[in-house]
>>> print(open('protein-v1.txt').read())   # compact mmCIF, C-alpha atoms
# COMPACT_ATOMS: atom_id res chain seq x y z
CA MET A 14 -104.96 -63.49 96.77
CA THR A 15 -102.01 -65.83 96.51
CA ALA A 16 -99.53 -63.01 96.94
CA MET A 17 -101.34 -61.62 99.95
CA CYS A 18 -101.48 -65.04 101.49
CA ASP A 19 -97.75 -65.41 101.01
CA VAL A 20 -97.04 -62.08 102.63
CA ALA A 21 -99.34 -62.83 105.53
CA PHE A 22 -97.61 -66.07 106.32
CA LEU A 23 -94.20 -64.54 105.91
CA LEU A 24 -95.14 -61.95 108.52
CA LEU A 25 -96.63 -64.64 110.68
CA SER A 26 -93.46 -66.70 110.68
CA PHE A 27 -91.40 -63.56 111.35
CA PHE A 28 -93.41 -62.70 114.44
CA ILE A 29 -93.46 -66.25 115.68
CA LEU A 30 -89.71 -66.46 115.42
CA THR A 31 -88.89 -63.07 116.88
CA THR A 32 -91.31 -63.12 119.74
CA LYS A 33 -89.87 -63.78 123.14
CA PHE A 34 -92.25 -64.43 125.92
CA LYS A 35 -91.61 -62.51 129.04
CA PRO A 36 -91.16 -64.67 132.10
CA PRO A 37 -94.17 -64.07 134.30
CA ASP A 38 -93.25 -61.39 136.77
CA ALA A 39 -94.39 -61.88 140.29
CA LEU A 40 -94.42 -58.16 140.74
CA SER A 41 -95.94 -55.75 138.33
CA VAL A 42 -93.76 -52.73 138.11
CA THR A 43 -94.03 -50.03 135.46
CA THR A 44 -90.61 -48.59 135.01
CA PRO A 45 -89.99 -45.02 133.91
CA LYS A 46 -88.42 -44.20 130.57
CA SER A 47 -84.95 -42.90 129.96
CA VAL A 48 -82.67 -42.20 127.02
CA SER A 49 -80.16 -44.73 128.27
CA THR A 50 -79.32 -47.35 125.66
CA GLN A 51 -77.42 -49.87 127.70
CA ILE A 52 -79.01 -53.31 127.69
CA LEU A 53 -79.00 -54.88 131.08
CA LYS A 54 -77.16 -58.05 131.95
CA THR A 55 -78.44 -60.44 134.53
CA LYS A 56 -75.27 -62.27 135.46
CA ASN A 57 -73.85 -61.51 138.91
CA SER A 58 -76.64 -59.15 139.68
CA VAL A 59 -78.73 -58.21 142.63
CA LEU A 60 -82.12 -56.74 141.97
CA ILE A 61 -83.93 -54.39 144.28
CA THR A 62 -87.51 -53.75 143.31
CA LEU A 63 -89.66 -50.89 144.48
CA ASP A 64 -93.35 -51.34 143.93
CA LYS A 65 -95.90 -48.59 143.56
CA ASP A 66 -96.43 -48.33 147.30
CA GLY A 67 -92.71 -47.89 147.87
CA LYS A 68 -92.19 -51.36 149.31
CA ALA A 69 -88.76 -52.82 148.72
CA TYR A 70 -88.03 -56.34 147.49
CA PHE A 71 -84.68 -58.03 147.27
CA SER A 72 -83.68 -60.80 144.88
CA VAL A 73 -80.57 -62.32 143.38
CA SER A 74 -80.12 -63.46 139.80
CA ASP A 75 -81.02 -67.12 139.26
CA GLU A 76 -77.68 -67.69 137.56
CA ASN A 77 -75.93 -67.25 140.88
CA GLY A 78 -77.01 -70.21 142.94
CA PRO A 79 -73.95 -70.46 145.23
CA GLU A 80 -74.07 -66.77 146.07
CA LYS A 81 -77.72 -67.03 146.96
CA ALA A 82 -76.86 -69.77 149.41
CA ASP A 83 -74.08 -67.63 150.90
CA ILE A 84 -76.38 -64.66 151.28
CA ILE A 85 -79.06 -66.51 153.16
CA ASP A 86 -76.46 -68.21 155.37
CA TYR A 87 -74.88 -64.86 156.18
CA VAL A 88 -78.20 -63.24 157.04
CA ASP A 89 -79.20 -66.26 159.08
CA GLN A 90 -75.98 -66.06 161.11
CA GLN A 91 -75.95 -62.31 161.58
CA LYS A 92 -79.54 -62.07 162.66
CA SER A 93 -79.63 -65.51 164.33
CA LEU A 94 -82.90 -66.38 162.67
CA GLY A 95 -82.45 -70.14 163.05
CA LEU A 96 -83.52 -71.00 159.54
CA THR A 97 -83.76 -74.65 158.61
CA ASP A 98 -82.35 -76.09 155.39
CA ALA A 99 -85.83 -76.26 153.90
CA GLU A 100 -86.41 -72.60 154.59
CA LYS A 101 -83.05 -71.71 153.12
CA SER A 102 -83.81 -73.65 149.98
CA ALA A 103 -87.03 -71.68 149.61
CA PHE A 104 -84.85 -68.61 149.19
CA LYS A 105 -82.74 -70.42 146.61
CA ARG A 106 -85.76 -71.32 144.51
CA SER A 107 -85.68 -69.71 141.09
CA GLY A 108 -87.38 -66.36 140.95
CA ALA A 109 -87.63 -66.12 144.72
CA TYR A 110 -87.49 -62.71 146.33
CA VAL A 111 -87.61 -61.43 149.86
CA SER A 112 -90.09 -58.82 150.89
CA THR A 113 -90.40 -59.10 154.64
CA PRO A 114 -88.59 -57.72 157.65
CA PHE A 115 -86.22 -60.16 159.33
CA ASN A 116 -88.66 -61.01 162.09
CA GLN A 117 -91.15 -62.34 159.54
CA LEU A 118 -88.60 -63.96 157.28
CA LYS A 119 -88.79 -67.40 158.83
CA SER A 120 -92.54 -67.71 158.50
CA TYR A 121 -92.40 -66.25 155.00
CA LEU A 122 -89.90 -68.86 153.82
CA GLN A 123 -92.12 -71.61 155.16
CA LEU A 124 -94.83 -70.79 152.66
CA ASN A 125 -95.01 -72.87 149.52
CA SER A 126 -94.62 -71.17 146.17
CA ASP A 127 -98.35 -70.74 145.60
CA GLN A 128 -98.86 -69.15 148.96
CA MET A 129 -95.87 -66.89 148.32
CA LYS A 130 -97.53 -65.54 145.20
CA ASN A 131 -100.59 -64.52 147.15
CA PHE A 132 -98.66 -63.31 150.14
CA LYS A 133 -99.25 -59.67 150.88
CA ALA A 134 -95.72 -58.51 151.35
CA PRO A 135 -94.95 -55.81 153.88
CA GLY A 136 -91.68 -55.01 152.11
CA ILE A 137 -88.19 -54.75 153.53
CA PRO A 138 -87.99 -51.74 155.86
CA VAL A 139 -85.88 -49.04 154.20
CA THR A 140 -87.36 -45.70 155.14
CA ASP A 141 -86.38 -45.97 158.76
CA THR A 142 -82.79 -44.74 159.05
CA LEU A 143 -82.10 -46.65 162.25
CA ASN A 144 -83.52 -49.91 161.04
CA ASN A 145 -82.67 -50.06 157.38
CA GLU A 146 -82.70 -53.80 156.73
CA MET A 147 -81.73 -53.42 153.10
CA GLN A 148 -78.31 -52.56 154.41
CA MET A 149 -77.92 -56.03 155.88
CA TRP A 150 -79.09 -57.71 152.68
CA LEU A 151 -76.65 -55.70 150.63
CA ARG A 152 -73.83 -56.44 153.03
CA ALA A 153 -74.61 -60.14 152.70
CA ALA A 154 -74.65 -59.77 148.93
CA ALA A 155 -71.38 -57.83 148.84
CA ASP A 156 -69.85 -60.53 151.00
CA ALA A 157 -71.13 -63.37 148.80
CA PHE A 158 -70.02 -61.74 145.57
CA GLN A 159 -66.51 -61.05 146.82
CA GLY A 160 -63.98 -61.30 144.03
CA LYS A 161 -66.63 -60.84 141.38
CA THR A 162 -68.12 -57.66 140.09
CA MET A 163 -71.57 -57.46 141.49
CA SER A 164 -74.00 -55.20 139.74
CA VAL A 165 -76.89 -53.76 141.64
CA PHE A 166 -80.05 -53.03 139.72
CA LEU A 167 -82.91 -50.99 140.96
CA LYS A 168 -86.28 -51.47 139.37
CA GLY A 169 -88.71 -48.91 140.60
CA ASP A 170 -92.30 -48.19 139.82
CA ASN A 171 -93.28 -44.80 138.45
CA LEU A 172 -95.41 -44.11 141.48
CA ALA A 173 -92.96 -45.11 144.20
CA LYS A 174 -92.19 -42.21 146.48
CA TYR A 175 -88.76 -40.74 146.93
CA PRO A 176 -88.17 -41.68 150.60
CA SER A 177 -87.97 -45.39 149.67
CA LEU A 178 -85.46 -44.60 146.96
CA LYS A 179 -83.46 -42.57 149.41
CA GLY A 180 -83.50 -45.43 151.91
CA ILE A 181 -82.06 -47.74 149.27
CA ILE A 182 -79.43 -45.23 148.21
CA ASP A 183 -78.43 -44.86 151.86
CA ALA A 184 -78.17 -48.63 152.25
CA LEU A 185 -75.96 -48.77 149.16
CA LYS A 186 -73.76 -45.97 150.40
CA LYS A 187 -73.31 -47.58 153.80
CA ASN A 188 -71.97 -50.66 152.05
CA ASP A 189 -69.67 -48.60 149.84
CA ILE A 190 -71.53 -49.63 146.73
CA MET A 191 -71.15 -46.39 144.86
CA LYS A 192 -72.45 -47.55 141.56
CA PHE A 193 -75.82 -48.91 140.66
CA SER A 194 -78.12 -49.00 137.67
CA MET A 195 -81.75 -48.19 137.39
CA ILE A 196 -83.82 -50.28 135.07
CA THR A 197 -85.78 -48.18 132.62
CA ASP A 198 -87.62 -48.52 129.37
CA PRO A 199 -85.88 -47.05 126.37
CA GLU A 200 -87.03 -43.77 124.95
CA GLY A 201 -85.94 -41.74 121.95
CA VAL A 202 -83.55 -38.87 122.43
CA PRO A 203 -85.46 -35.59 122.09
CA PRO A 204 -84.35 -33.79 118.92
CA GLY A 205 -82.42 -30.55 119.12
CA THR A 206 -80.86 -31.22 122.50
CA GLU A 207 -77.19 -31.54 123.28
CA LEU A 208 -77.45 -35.28 123.67
CA ALA A 209 -79.07 -35.57 120.26
CA LYS A 210 -76.14 -33.70 118.74
CA LYS A 211 -73.70 -35.99 120.52
CA VAL A 212 -75.53 -39.07 119.35
CA GLU A 213 -75.39 -37.79 115.80
CA ALA A 214 -71.70 -37.09 116.03
CA LYS A 215 -70.63 -40.31 117.65
CA GLY A 216 -73.33 -42.76 116.75
CA ARG A 217 -75.26 -44.66 119.35
CA ALA A 218 -74.04 -45.61 122.79
CA VAL A 219 -72.92 -42.24 124.14
CA THR A 220 -75.26 -42.64 127.06
CA ASP A 221 -73.55 -45.85 128.06
CA GLN A 222 -70.62 -44.26 129.78
CA MET B 3 -102.76 -71.94 93.10
CA ALA B 4 -104.29 -75.00 94.63
CA GLU B 5 -105.82 -76.62 91.68
CA MET B 6 -105.04 -79.56 89.53
CA ASP B 7 -105.48 -80.02 85.94
CA THR B 8 -108.54 -82.22 85.80
CA SER B 9 -109.33 -81.82 82.18
CA SER B 10 -109.02 -85.14 80.56
CA GLY B 11 -106.22 -84.42 78.20
CA GLY B 12 -106.31 -85.24 74.58
CA GLY B 13 -109.66 -83.61 74.06
CA HIS B 14 -111.20 -86.44 72.07
CA LYS B 15 -114.90 -86.43 71.89
CA LYS B 16 -116.88 -88.77 74.00
CA GLY B 17 -119.19 -91.18 72.44
CA PRO B 18 -122.90 -90.41 72.22
CA GLY B 19 -123.91 -92.77 75.01
CA VAL B 20 -121.43 -91.56 77.51
CA LYS B 21 -122.84 -89.15 80.00
CA LYS B 22 -120.96 -85.94 80.54
CA SER B 23 -119.54 -86.25 84.00
CA LYS B 24 -119.77 -83.07 86.02
CA LYS B 25 -116.34 -81.66 86.54
CA LEU B 26 -115.59 -81.18 90.23
CA SER B 27 -113.55 -78.16 91.00
CA THR B 28 -110.49 -78.83 93.11
CA ARG B 29 -110.06 -75.21 94.12
CA VAL B 30 -109.89 -74.95 97.87
CA ASP B 31 -111.45 -72.01 99.61
CA LEU B 32 -108.50 -70.24 101.19
CA THR B 33 -110.44 -67.55 103.04
CA PRO B 34 -110.57 -69.25 106.47
CA MET B 35 -106.88 -70.01 106.33
CA VAL B 36 -106.02 -66.43 105.51
CA ASP B 37 -108.33 -65.30 108.30
CA LEU B 38 -106.54 -67.52 110.73
CA GLY B 39 -103.20 -66.30 109.44
CA PHE B 40 -104.08 -62.68 110.06
CA LEU B 41 -105.50 -63.49 113.44
CA LEU B 42 -102.20 -65.05 114.44
CA ILE B 43 -100.25 -62.12 113.01
CA THR B 44 -102.22 -59.67 115.10
CA PHE B 45 -101.71 -61.85 118.16
CA PHE B 46 -97.96 -61.95 117.71
CA ILE B 47 -97.75 -58.26 116.87
CA PHE B 48 -99.45 -57.40 120.12
CA THR B 49 -97.59 -59.82 122.35
CA THR B 50 -94.12 -59.26 121.01
CA THR B 51 -91.89 -57.04 123.08
CA MET B 52 -89.44 -55.35 120.83
CA SER B 53 -87.91 -53.11 123.44
CA GLN B 54 -85.67 -54.62 126.04
CA PRO B 55 -85.33 -52.90 129.36
CA THR B 56 -82.25 -50.75 129.64
CA ALA B 57 -80.13 -49.77 132.58
CA MET B 58 -79.31 -46.27 133.64
CA LYS B 59 -76.14 -45.94 135.67
CA LEU B 60 -75.85 -43.68 138.67
CA PHE B 61 -72.70 -43.04 140.62
CA LEU B 62 -73.00 -42.02 144.22
CA PRO B 63 -70.58 -39.71 145.96
CA LYS B 64 -69.02 -40.83 149.19
CA ASP B 65 -70.34 -39.07 152.24
CA THR B 66 -67.53 -37.27 153.93
CA ASP B 67 -67.25 -34.94 156.85
CA LYS B 68 -63.79 -33.68 156.04
CA PRO B 69 -64.09 -30.26 154.45
CA GLU B 70 -61.08 -30.77 152.18
CA GLU B 71 -62.77 -33.73 150.54
CA GLN B 72 -66.02 -31.99 149.95
CA ASN B 73 -66.76 -30.45 146.62
CA LYS B 74 -67.16 -26.77 146.79
CA VAL B 75 -70.04 -25.34 144.89
CA LYS B 76 -69.91 -21.75 143.85
CA ALA B 77 -73.27 -20.35 144.78
CA SER B 78 -73.60 -18.28 141.63
CA GLY B 79 -73.23 -21.28 139.36
CA ALA B 80 -75.68 -23.48 141.17
CA LEU B 81 -79.18 -24.32 140.05
CA THR B 82 -81.27 -26.04 142.67
CA LEU B 83 -84.25 -28.08 141.57
CA LEU B 84 -86.81 -29.16 144.15
CA LEU B 85 -89.12 -31.93 143.06
CA GLY B 86 -92.54 -31.70 144.60
CA LYS B 87 -95.97 -33.22 144.43
CA ASN B 88 -97.89 -33.71 141.18
CA ASP B 89 -94.82 -33.53 138.95
CA GLN B 90 -94.12 -29.96 139.95
CA ILE B 91 -90.62 -28.60 139.99
CA TYR B 92 -89.54 -25.64 142.05
CA TYR B 93 -86.19 -24.09 141.41
CA TYR B 94 -83.92 -21.27 142.35
CA GLU B 95 -80.60 -20.03 141.08
CA GLY B 96 -77.70 -19.50 143.39
CA GLU B 97 -78.66 -19.22 147.00
CA LEU B 98 -82.21 -19.08 148.23
CA ALA B 99 -83.10 -15.50 149.05
CA PRO B 100 -84.38 -14.97 152.62
CA ASP B 101 -87.67 -13.64 151.30
CA ALA B 102 -87.81 -16.46 148.74
CA SER B 103 -88.06 -14.00 145.88
CA ASN B 104 -86.01 -16.17 143.53
CA PHE B 105 -88.09 -19.26 144.22
CA LYS B 106 -89.91 -20.24 141.06
CA THR B 107 -92.29 -22.94 139.94
CA THR B 108 -92.12 -24.88 136.71
CA SER B 109 -92.99 -28.24 135.25
CA PHE B 110 -91.17 -31.11 133.59
CA LYS B 111 -92.05 -29.74 130.18
CA GLU B 112 -90.31 -26.43 130.77
CA ILE B 113 -87.45 -27.52 132.94
CA ARG B 114 -85.19 -28.15 129.97
CA LYS B 115 -85.31 -24.51 129.04
CA VAL B 116 -84.50 -23.47 132.59
CA ILE B 117 -81.48 -25.76 132.71
CA LEU B 118 -80.22 -24.65 129.33
CA ASP B 119 -80.64 -20.97 130.13
CA LYS B 120 -78.69 -21.37 133.32
CA LYS B 121 -76.06 -23.43 131.57
CA ARG B 122 -75.57 -20.80 128.91
CA ALA B 123 -75.39 -18.03 131.47
CA THR B 124 -72.72 -19.58 133.67
CA ASP B 125 -69.13 -20.59 133.30
CA GLU B 126 -68.92 -24.31 132.58
CA LYS B 127 -66.64 -25.10 135.51
CA ASP B 128 -68.96 -23.40 137.98
CA PHE B 129 -72.18 -24.88 136.71
CA VAL B 130 -73.72 -27.45 138.97
CA VAL B 131 -77.27 -28.71 139.33
CA VAL B 132 -78.47 -29.70 142.77
CA ILE B 133 -81.45 -32.04 142.76
CA LYS B 134 -83.55 -32.21 145.88
CA PRO B 135 -86.54 -34.49 145.69
CA ASP B 136 -88.93 -34.02 148.58
CA ASN B 137 -90.99 -36.71 150.27
CA ASP B 138 -93.85 -36.43 147.83
CA ALA B 139 -91.74 -36.74 144.70
CA THR B 140 -92.09 -40.04 142.88
CA TYR B 141 -89.43 -42.36 141.59
CA LYS B 142 -90.43 -41.40 138.06
CA ASN B 143 -89.73 -37.74 138.80
CA THR B 144 -86.29 -38.62 140.06
CA VAL B 145 -85.42 -40.74 137.06
CA ASP B 146 -86.84 -38.13 134.70
CA ILE B 147 -84.74 -35.38 136.16
CA LEU B 148 -81.59 -37.52 136.09
CA ASP B 149 -82.40 -38.28 132.49
CA GLU B 150 -82.75 -34.58 131.84
CA MET B 151 -79.18 -34.18 133.09
CA THR B 152 -78.01 -36.67 130.47
CA ILE B 153 -80.09 -35.06 127.76
CA ASN B 154 -78.76 -31.59 128.44
CA ASP B 155 -75.23 -32.82 128.98
CA VAL B 156 -74.90 -31.45 132.49
CA LYS B 157 -71.51 -32.61 133.72
CA ARG B 158 -71.96 -31.97 137.41
CA TYR B 159 -75.09 -32.72 139.32
CA ALA B 160 -75.82 -33.99 142.77
CA MET B 161 -78.74 -35.45 144.61
CA VAL B 162 -79.06 -33.83 148.01
CA ASP B 163 -81.59 -34.08 150.81
CA ILE B 164 -84.07 -31.28 151.01
CA SER B 165 -83.61 -28.88 153.90
CA PRO B 166 -86.49 -28.16 156.29
CA VAL B 167 -86.66 -24.53 155.15
CA GLU B 168 -87.01 -25.53 151.54
CA TYR B 169 -89.49 -28.26 152.32
CA SER B 170 -91.79 -25.92 154.20
CA LEU B 171 -91.48 -23.41 151.40
CA VAL B 172 -92.47 -26.04 148.87
CA GLN B 173 -95.40 -27.08 150.99
CA ARG B 174 -96.55 -23.53 151.42
CA THR B 175 -96.34 -22.93 147.69
CA GLU B 176 -98.27 -26.12 147.06
CA GLN B 177 -100.99 -25.10 149.46
CA ALA B 178 -101.20 -21.64 147.98
CA GLY B 179 -101.38 -23.13 144.49
CA GLY B 180 -103.98 -25.67 145.55
CA VAL B 181 -101.81 -28.67 144.67
CA LYS B 182 -103.07 -31.68 146.50
>>> encode(input="protein-v1.txt", output="structure tokens")
Amino acid sequence: MTAMCDVAFLLLSFFILTTKFKPPDALSVTTPKSVSTQILKTKNSVLITLDKDGKAYFSVSDENGPEKADIIDYVDQQKSLGLTDAEKSAFKRSGAYVSTPFNQLKSYLQLNSDQMKNFKAPGIPVTDTLNNEMQMWLRAAADAFQGKTMSVFLKGDNLAKYPSLKGIIDALKKNDIMKFSMITDPEGVPPGTELAKKVEAKGRAVTDQ
Amino acid sequence: MAEMDTSSGGGHKKGPGVKKSKKLSTRVDLTPMVDLGFLLITFFIFTTTMSQPTAMKLFLPKDTDKPEEQNKVKASGALTLLLGKNDQIYYYEGELAPDASNFKTTSFKEIRKVILDKKRATDEKDFVVVIKPDNDATYKNTVDILDEMTINDVKRYAMVDISPVEYSLVQRTEQAGGVK
């Protein structure tokens, strides 16, 4: 009894110490799995999310406050949206993301954070080649992150359809962003394949290149 | 464990008039505590996320109209994969025959074999996989097939838009096969 009790509490303290609570995600996205082993970094990053209906969302890492301000200023100027300082600061709020076309952006940023959570987002238009608004957001981001290495992450849901992905890829290409990463859940390398042989020969991290 | 020595040391006999006091046990019942401990363990086991999300890199080619900058693909070394509805993959080797005789259907489970067979059969410098997801393919399909490229160590692969001919062929095959 005593021994079991000891073990139980040892395990308990282990799990308490190792557990890391996930920050509550505003969007529930189930990402696909891949054999990639690279852990993602959040600094200097722009995140594009695709939900299961193929709607696109745009957000910037919370660690990059000044860039966020630059991005919203740039978009405001380019599209002459006439955003007030209060509306701009709504974009700068931590965890904020944009999910509306430009013509609804002003009213969206006027919502308070509770209303934003319940807001039924129409998504940023990406599937229309003539009116791909993601392009503008990415241009603003590329402009704001000048002189730094910006990393673009794409977090897509399993069920999102390909046309949305293509729209985002097109927007990236138009801005000469030729490199981006897709966020996935890790998965074991299937045994007997060429990659498995490589991994054995070189150790981990061959998929990182 | 949790008990104290309550025996009155010495062990001398009590006098005849002294009542024998009932010894109270100081053993504490540990069962509820252990129960609670295990409950918490299960809670933390279930909530803990051991796996951190990973990132999969993808490099895009620059669109170019100049023929000298375009990569030439030898038709014989090409394997074209068309991603369709319901996790179906359609593929053909080389160029699509006018009567679509080399147009075949497969699934994600068997695609690895197809890729490996083609890879073994062609010269390494000619081998290229062309991935064409159609409008019904999901994001998961696309990531899975890109992952398959990494798994099978395919050096050259490209994501290309599906052509109308191929798309109608896929749709016809889907209708014939009853894929909704």
>>> closest_residue(input="protein-v1.txt", among="A:Ser112, A:Gln148, A:Gln159, A:Ser26", to="Ala69 (chain A)", atoms="all atoms listed in the file")
A:Ser112
>>> residues_near_point(input="protein-v1.txt", point="(-72.2, -24.6, 135.8)", cutoff="9 Å", atoms="only C-alpha atoms", output="JSON, numbers by chain")
{"B": [76, 78, 79, 80, 81, 120, 121, 122, 123, 124, 125, 126, 127, 128, 129, 130, 131, 156, 157, 158]}
>>> closest_residue(input="protein-v1.txt", among="B:Gln90, B:Thr56, B:Leu148, B:Thr82", to="Thr175 (chain B)", atoms="all atoms listed in the file")
B:Gln90
>>> interface_residues(input="protein-v1.txt", of="chain A", to="chain B", cutoff="8 Å", atoms="all atoms listed in the file", output="NGL selection string")
:A and (15 or 18 or 21-22 or 24-25 or 28-29 or 31-34 or 44-53 or 166 or 169-176 or 178 or 186 or 189 or 191-199 or 202-203 or 206-209 or 220)
>>> atom_distance(input="protein-v1.txt", atom1="CA of Lys187 (chain A)", atom2="CA of Ile164 (chain B)")
19.7 Å
>>> atom_distance(input="protein-v1.txt", atom1="CA of Ala160 (chain B)", atom2="CA of Ile133 (chain B)")
6.0 Å
>>> closest_residue(input="protein-v1.txt", among="A:Asn145, A:Thr55, A:Thr113, A:Asn77", to="Lys133 (chain A)", atoms="all atoms listed in the file")
A:Thr113
>>> atom_distance(input="protein-v1.txt", atom1="CA of Asp83 (chain A)", atom2="CA of Leu143 (chain A)")
25.2 Å
>>> residues_around(input="protein-v1.txt", residues="Tyr93 (chain B)", least_positions_apart="5", cutoff="7 Å", atoms="all atoms listed in the file", output="list in words")
Thr82, Leu83, Leu84, Phe105, Lys106 and Thr107 of chain B
>>> residues_around(input="protein-v1.txt", residues="region 98-101 of chain B", least_positions_apart="2", cutoff="10 Å", atoms="all atoms listed in the file", output="list of chain:residue names")
B:Ala77, B:Thr82, B:Tyr93, B:Tyr94, B:Glu95, B:Gly96, B:Ser103, B:Asn104, B:Phe105, B:Val167, B:Glu168
>>> write_last_selection(input="protein-v1.txt", atoms="C-alpha atoms", output="PDB file, keeping the file's coordinate frame")
ATOM      1  CA  ALA B  77     -73.270 -20.350 144.780  1.00  0.00           C
ATOM      2  CA  THR B  82     -81.270 -26.040 142.670  1.00  0.00           C
ATOM      3  CA  TYR B  93     -86.190 -24.090 141.410  1.00  0.00           C
ATOM      4  CA  TYR B  94     -83.920 -21.270 142.350  1.00  0.00           C
ATOM      5  CA  GLU B  95     -80.600 -20.030 141.080  1.00  0.00           C
ATOM      6  CA  GLY B  96     -77.700 -19.500 143.390  1.00  0.00           C
ATOM      7  CA  SER B 103     -88.060 -14.000 145.880  1.00  0.00           C
ATOM      8  CA  ASN B 104     -86.010 -16.170 143.530  1.00  0.00           C
ATOM      9  CA  PHE B 105     -88.090 -19.260 144.220  1.00  0.00           C
ATOM     10  CA  VAL B 167     -86.660 -24.530 155.150  1.00  0.00           C
ATOM     11  CA  GLU B 168     -87.010 -25.530 151.540  1.00  0.00           C
TER      12      GLU B 168
END
>>> closest_residue(input="protein-v1.txt", among="A:Gly201, A:Pro114, A:Pro79, A:Gly95", to="Val139 (chain A)", atoms="all atoms listed in the file")
A:Pro114
>>> decode(input="protein-v1.txt", residues="region 98-117 of chain B", atoms="C-alpha atoms", output="CSV table (one decimal), in the first residue's frame")
chain,number,residue,atom,x,y,z
B,98,LEU,CA,-2.3,11.1,-70.8
B,99,ALA,CA,-3.4,8.9,-73.7
B,100,PRO,CA,-6.2,10.4,-75.8
B,101,ASP,CA,-8.5,7.4,-75.0
B,102,ALA,CA,-7.5,7.7,-71.4
B,103,SER,CA,-6.3,4.1,-71.3
B,104,ASN,CA,-3.5,4.7,-68.9
B,105,PHE,CA,-5.7,6.5,-66.5
B,106,LYS,CA,-5.9,4.5,-63.3
B,107,THR,CA,-7.6,4.8,-59.9
B,108,THR,CA,-6.0,4.1,-56.6
B,109,SER,CA,-6.2,5.1,-52.9
B,110,PHE,CA,-3.9,6.6,-50.4
B,111,LYS,CA,-3.0,3.2,-49.0
B,112,GLU,CA,-1.7,2.0,-52.3
B,113,ILE,CA,-0.2,5.1,-53.7
B,114,ARG,CA,3.2,4.4,-52.1
B,115,LYS,CA,3.6,1.3,-54.2
B,116,VAL,CA,2.7,3.2,-57.3
B,117,ILE,CA,5.3,5.9,-56.6
